[in-house]
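Peer 1: Below are the structure tokens for one structure; questions will follow.
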Amino acid sequence: MRLRLFFLSISLLAGIFSQKAFAQGEPINLTNPSFEDIPRHSHAPRGWQDCGDNKETPPDTQPSGTFSVTKAAKDGNTYLGMVVRDNDTYEAVSQRLSRPMQKGQCYEFSIFLCRSELYISVSRQTGQEVNYVTPAKLEIYGGFAFCDNQQMLAETSVITTERWLEYKFKLKPNANYNYIMFRAYYTTPTLFPYNGNILLDNASPLVPIPCEEEQVVADNTEPEPAPIETTPEPTTPDPEPQPETPTPQPEPEQEIVEQPATLDPVKPEPVTPKEKDPKDDIRIAGFKKSDLKKGQTIRIDNLYFESNEAKITKQSFPILDEIYNFLNVHQDVMVEIGGHTNGIPPHEICDRLSKERAEAVVSYLVNRGIRERRLFPKGYGKRRPIADNNTLNGRRKNQRVEIKVLEISDEG
């Protein structure tokens with residue numbers, strides 16, 4: 001009797017575990033999860049559909065040596081290389097799953113990622129050869145067709161490591177998606193698109209797991225340094241500087257001297273032509289001092305900063321030196337340095353970044369010898385656009401620095 005009860009208990013337990021396994025389902029396998037194919041550029045590995053911009057080339061099966069990518073694969077012989085570009089295009093791949101993900105079911109998924117230290121290609125903006133190495137991130141989407149991004153299931157921080165690391169995810173679809181998509185994308189928020197790359201290899205199956213803990217951000221086995229994102233201090237508008245009113249000075253009394261009468265007319269002294277003041281040739285953004293008036297705003301072109309930062313690039317030094325030369329010669333000019341951003345990021349980020357960039361310009365000029373009391377930095381954020389933020393060209397125009405004349409003498 002006891003033996004019969006024992007076998008009955010075993011049978012019940014086996015049934016319970018079997019039902020639990022059936023409820024969770026079997027793993028969903030990917031086709032060619034290690035991205036194996038003939039190494040070649042502009043050709044997605046077999047089993048994967050190109051989902052990038054149709055005006056650009058597809059992702060690459062690496063290491064082909066093309067674009068100077070030679071890193072060894074983590075698994076097998078090849079891997080997937082994807083880039084983001086400075087013309088606001090990015091690469092992605094997609095495939096149909098062996099069976100759909102189930103709504104509300106959680107899945108464990110992992111993939112190995114890294115960044116190539118070299119990815120040499122042509123900039124779409126300048127036409128010059130550049131290295132696509134600014135860190136980018138991976139986004140994972142579920143959808144109902146190829147390249148469909150119905151739901152972002154997970155994303156990483158930007159991939160800065162140059163060696164393979166395993167990134168682990170917990171995915172929870174809100175519909176029965178039968179397609180998955182991997183997309184390379186910029187760090188967010190992004191003020192300007194840039195050139196970067198990520199490498200992908202050895203993706204795992206989607207394994208059904210319980211949903212006790214919600215997590216959609218990558219958990220890599222070794223901590224990945226994330227971009228510095230600080231909470232901005234509340235921005236208080238800078239007070240408009242009030243120029244000092246000069247104290248009027250009494251004019252000196254003139255002594256009247258009588259001249260003796262004469263019959264001979266007085267010959268006028270010859271007039272010597274006034275020599276041109278060399279200061280007139282010192283200009284700021286093409287303007288002479290005589291062209292400027294109090295309250296006038298001048299847009300400064302060719303002034304560049306690193307993406308999402310207030311660090312001035314070397315290409316900006318010529319225009320900064322031009323501003324310095326003008327202010328150094330015309331000591332009576334007082335100006336506001338105004339920073340502006342495009343309309344994509346939230347207000348708090350735009351306000352902070354625009355002010356920090358204006359302050360960076362002021363610091364450069366002060367370090368060259370311009371008195372700080374003549375310079376007033378101010379961040380306008382995205383409140384004063386001059387172009388359409390829905391286009392790349394419009395966003396570039398809105399991302400600018402302007403100089404406003406606060407005080408200027410009528411003389412010299």
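Numbering starts fresh at 1 for the residues of each chain in the structure tokens, the chains themselves are lettered A, B, ... in the order given, and ligands are numbered from 1 as they appear.
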Do a neighbour search on A:Tyr364 at 10 Å with only C-alpha atoms, toss out local chain neighbours closer than 6 positions, and write the hits as a PDB file with N, CA and C atoms, in the first residue's frame.
Peer 2:
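Generated output (result-v9.pdb):
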ATOM      1  N   ILE A 312      34.516  72.501 -26.513  1.00  0.00           N
ATOM      2  CA  ILE A 312      34.704  73.123 -27.818  1.00  0.00           C
ATOM      3  C   ILE A 312      35.704  72.310 -28.636  1.00  0.00           C
ATOM      4  N   PHE A 317      38.412  77.005 -33.167  1.00  0.00           N
ATOM      5  CA  PHE A 317      39.394  77.992 -32.711  1.00  0.00           C
ATOM      6  C   PHE A 317      39.519  79.202 -33.648  1.00  0.00           C
ATOM      7  N   LEU A 320      36.691  81.606 -32.816  1.00  0.00           N
ATOM      8  CA  LEU A 320      36.871  82.127 -31.461  1.00  0.00           C
ATOM      9  C   LEU A 320      37.990  83.166 -31.423  1.00  0.00           C
ATOM     10  N   ASP A 321      39.048  82.922 -32.184  1.00  0.00           N
ATOM     11  CA  ASP A 321      40.134  83.901 -32.256  1.00  0.00           C
ATOM     12  C   ASP A 321      39.679  85.187 -32.928  1.00  0.00           C
ATOM     13  N   TYR A 324      37.838  87.063 -30.295  1.00  0.00           N
ATOM     14  CA  TYR A 324      38.808  87.634 -29.357  1.00  0.00           C
ATOM     15  C   TYR A 324      39.463  88.875 -29.937  1.00  0.00           C
ATOM     16  N   ILE A 370      40.363  88.701 -22.360  1.00  0.00           N
ATOM     17  CA  ILE A 370      39.211  89.603 -22.342  1.00  0.00           C
ATOM     18  C   ILE A 370      38.644  89.655 -20.925  1.00  0.00           C
TER      19      ILE A 370
END
Peer 1: So that I can see what lies close to A:Thr297, please list as a PDB file with C-alpha atoms, in the first residue's frame the residues with an atom at most 7 Å from it, counting only C-alpha atoms and leaving out residues fewer than 3 positions away in the same chain.
Peer 2:
ATOM      1  CA  GLU A 402      24.860  84.088 -30.904  1.00  0.00           C
ATOM      2  CA  ILE A 403      26.501  87.310 -29.748  1.00  0.00           C
ATOM      3  CA  LYS A 404      24.283  90.195 -28.659  1.00  0.00           C
ATOM      4  CA  VAL A 405      25.760  93.712 -28.405  1.00  0.00           C
TER       5      VAL A 405
END
Peer 1: Near A:Asn398, within 7 Å and counting only C-alpha atoms, which residues show up once chain neighbours fewer than 3 positions away are dropped, as a ChimeraX atom specification?
Peer 2: /A:340-342,385-387,394-395
Peer 1: Would you mind listing what lies within 7 Å of stretch 65-76 of chain A as a PyMOL selection string, with only C-alpha atoms counted and same-chain residues fewer than 4 positions away left out?
Peer 2: chain A and resi 34+36+41+116+118-121+164+201-202
Peer 1: Grab the residues selected above and save them as a short mmCIF file (atom, residue, chain, number, x, y, z; two decimals), in the first residue's frame with C-alpha atoms.
Peer 2:
data_model
loop_
_atom_site.label_atom_id
_atom_site.label_comp_id
_atom_site.auth_asym_id
_atom_site.auth_seq_id
_atom_site.Cartn_x
_atom_site.Cartn_y
_atom_site.Cartn_z
CA SER A 34 25.94 33.66 -34.47
CA GLU A 36 27.70 33.16 -39.74
CA HIS A 41 30.68 44.47 -46.38
CA SER A 116 35.46 47.98 -33.01
CA LEU A 118 38.52 50.96 -36.09
CA TYR A 119 35.58 51.33 -38.48
CA ILE A 120 36.95 53.58 -41.22
CA SER A 121 34.41 54.92 -43.71
CA TRP A 164 33.34 40.92 -26.20
CA ASP A 201 27.69 37.83 -31.93
CA ASN A 202 26.38 34.61 -30.36
#
Peer 1: Env of A:Leu191: 12 Å cut, atoms = only C-alpha atoms, seq-sep filter 4 positions within chain, self excluded. Answer as a PDB file with C-alpha atoms, in the first residue's frame.
Peer 2:
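As written to disk, out22.pdb reads:
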ATOM      1  CA  ASP A  86      26.107  61.582 -39.090  1.00  0.00           C
ATOM      2  CA  ASP A  88      20.723  60.656 -39.217  1.00  0.00           C
ATOM      3  CA  TYR A 186      22.667  56.879 -30.902  1.00  0.00           C
ATOM      4  CA  THR A 187      22.957  57.650 -27.211  1.00  0.00           C
ATOM      5  CA  PHE A 305      31.047  71.323 -29.657  1.00  0.00           C
ATOM      6  CA  GLU A 306      31.401  67.629 -28.958  1.00  0.00           C
ATOM      7  CA  SER A 307      28.110  65.710 -29.048  1.00  0.00           C
ATOM      8  CA  ASN A 308      25.948  66.366 -25.963  1.00  0.00           C
ATOM      9  CA  GLU A 309      28.822  68.226 -24.280  1.00  0.00           C
ATOM     10  CA  ALA A 310      30.116  71.760 -23.771  1.00  0.00           C
ATOM     11  CA  HIS A 340      20.805  77.694 -28.218  1.00  0.00           C
ATOM     12  CA  THR A 341      19.906  74.019 -28.821  1.00  0.00           C
ATOM     13  CA  ASN A 342      17.542  72.175 -31.136  1.00  0.00           C
ATOM     14  CA  GLY A 343      14.106  71.059 -29.967  1.00  0.00           C
ATOM     15  CA  ILE A 344      14.626  67.322 -29.409  1.00  0.00           C
ATOM     16  CA  PRO A 345      15.779  66.915 -25.755  1.00  0.00           C
ATOM     17  CA  PRO A 346      13.689  67.980 -22.732  1.00  0.00           C
ATOM     18  CA  ILE A 349      18.721  69.302 -20.680  1.00  0.00           C
ATOM     19  CA  CYS A 350      18.579  72.027 -23.338  1.00  0.00           C
ATOM     20  CA  LEU A 353      23.667  72.436 -22.153  1.00  0.00           C
ATOM     21  CA  SER A 354      23.049  75.786 -23.862  1.00  0.00           C
ATOM     22  CA  GLY A 381      17.732  76.229 -24.463  1.00  0.00           C
ATOM     23  CA  LYS A 382      15.313  75.405 -27.276  1.00  0.00           C
ATOM     24  CA  ASN A 389      13.302  70.961 -35.763  1.00  0.00           C
ATOM     25  CA  LEU A 392      18.329  67.520 -39.788  1.00  0.00           C
ATOM     26  CA  GLY A 394      16.807  72.701 -39.310  1.00  0.00           C
ATOM     27  CA  ARG A 395      18.155  71.169 -36.114  1.00  0.00           C
ATOM     28  CA  ARG A 396      21.685  72.123 -37.127  1.00  0.00           C
ATOM     29  CA  LYS A 397      20.612  75.741 -37.606  1.00  0.00           C
ATOM     30  CA  ASN A 398      18.873  75.854 -34.244  1.00  0.00           C
ATOM     31  CA  GLN A 399      21.985  74.472 -32.527  1.00  0.00           C
ATOM     32  CA  ARG A 400      23.965  77.703 -32.467  1.00  0.00           C
TER      33      ARG A 400
END
Peer 1: DSSP on the backbone, alpha helix (DSSP H) only: what residues of stretch 291-358 of chain A does that give? Format it as a PyMOL selection string.
Peer 2: chain A and resi 317-329+347-358
Peer 1: So that I can check the surroundings of A:Val335, please list as a PyMOL selection string every protein, DNA and RNA residue that reaches within 9 Å of it, counting only C-alpha atoms and ignoring chain neighbours fewer than 5 positions away.
Peer 2: chain A and resi 374-377+403-408
Peer 1: With C-alpha atoms kept, could you save the residues just selected as a PDB file, in the first residue's frame?
Peer 2:
ATOM      1  CA  ARG A 374      32.454  92.499 -20.583  1.00  0.00           C
ATOM      2  CA  LEU A 375      31.019  89.020 -21.255  1.00  0.00           C
ATOM      3  CA  PHE A 376      27.623  87.702 -20.145  1.00  0.00           C
ATOM      4  CA  PRO A 377      26.845  84.004 -20.857  1.00  0.00           C
ATOM      5  CA  ILE A 403      26.501  87.310 -29.748  1.00  0.00           C
ATOM      6  CA  LYS A 404      24.283  90.195 -28.659  1.00  0.00           C
ATOM      7  CA  VAL A 405      25.760  93.712 -28.405  1.00  0.00           C
ATOM      8  CA  LEU A 406      24.917  95.102 -24.962  1.00  0.00           C
ATOM      9  CA  GLU A 407      27.036  98.265 -24.987  1.00  0.00           C
ATOM     10  CA  ILE A 408      29.056  99.954 -27.719  1.00  0.00           C
TER      11      ILE A 408
END
Peer 1: Which residue gives the smallest distance to A:Trp48 among A:Gln315, A:Ile180, A:Lys289, A:Lys172, with only C-alpha atoms counted?
Peer 2: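 Smallest separation from A:Trp48 among the options: A:Ile180.
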Peer 1: Would you please work out which residue, of A:Ile198, A:Val401, A:Val361, A:Val333, is nearest to A:Asn302 when using only C-alpha atoms?
Peer 2: A:Val401
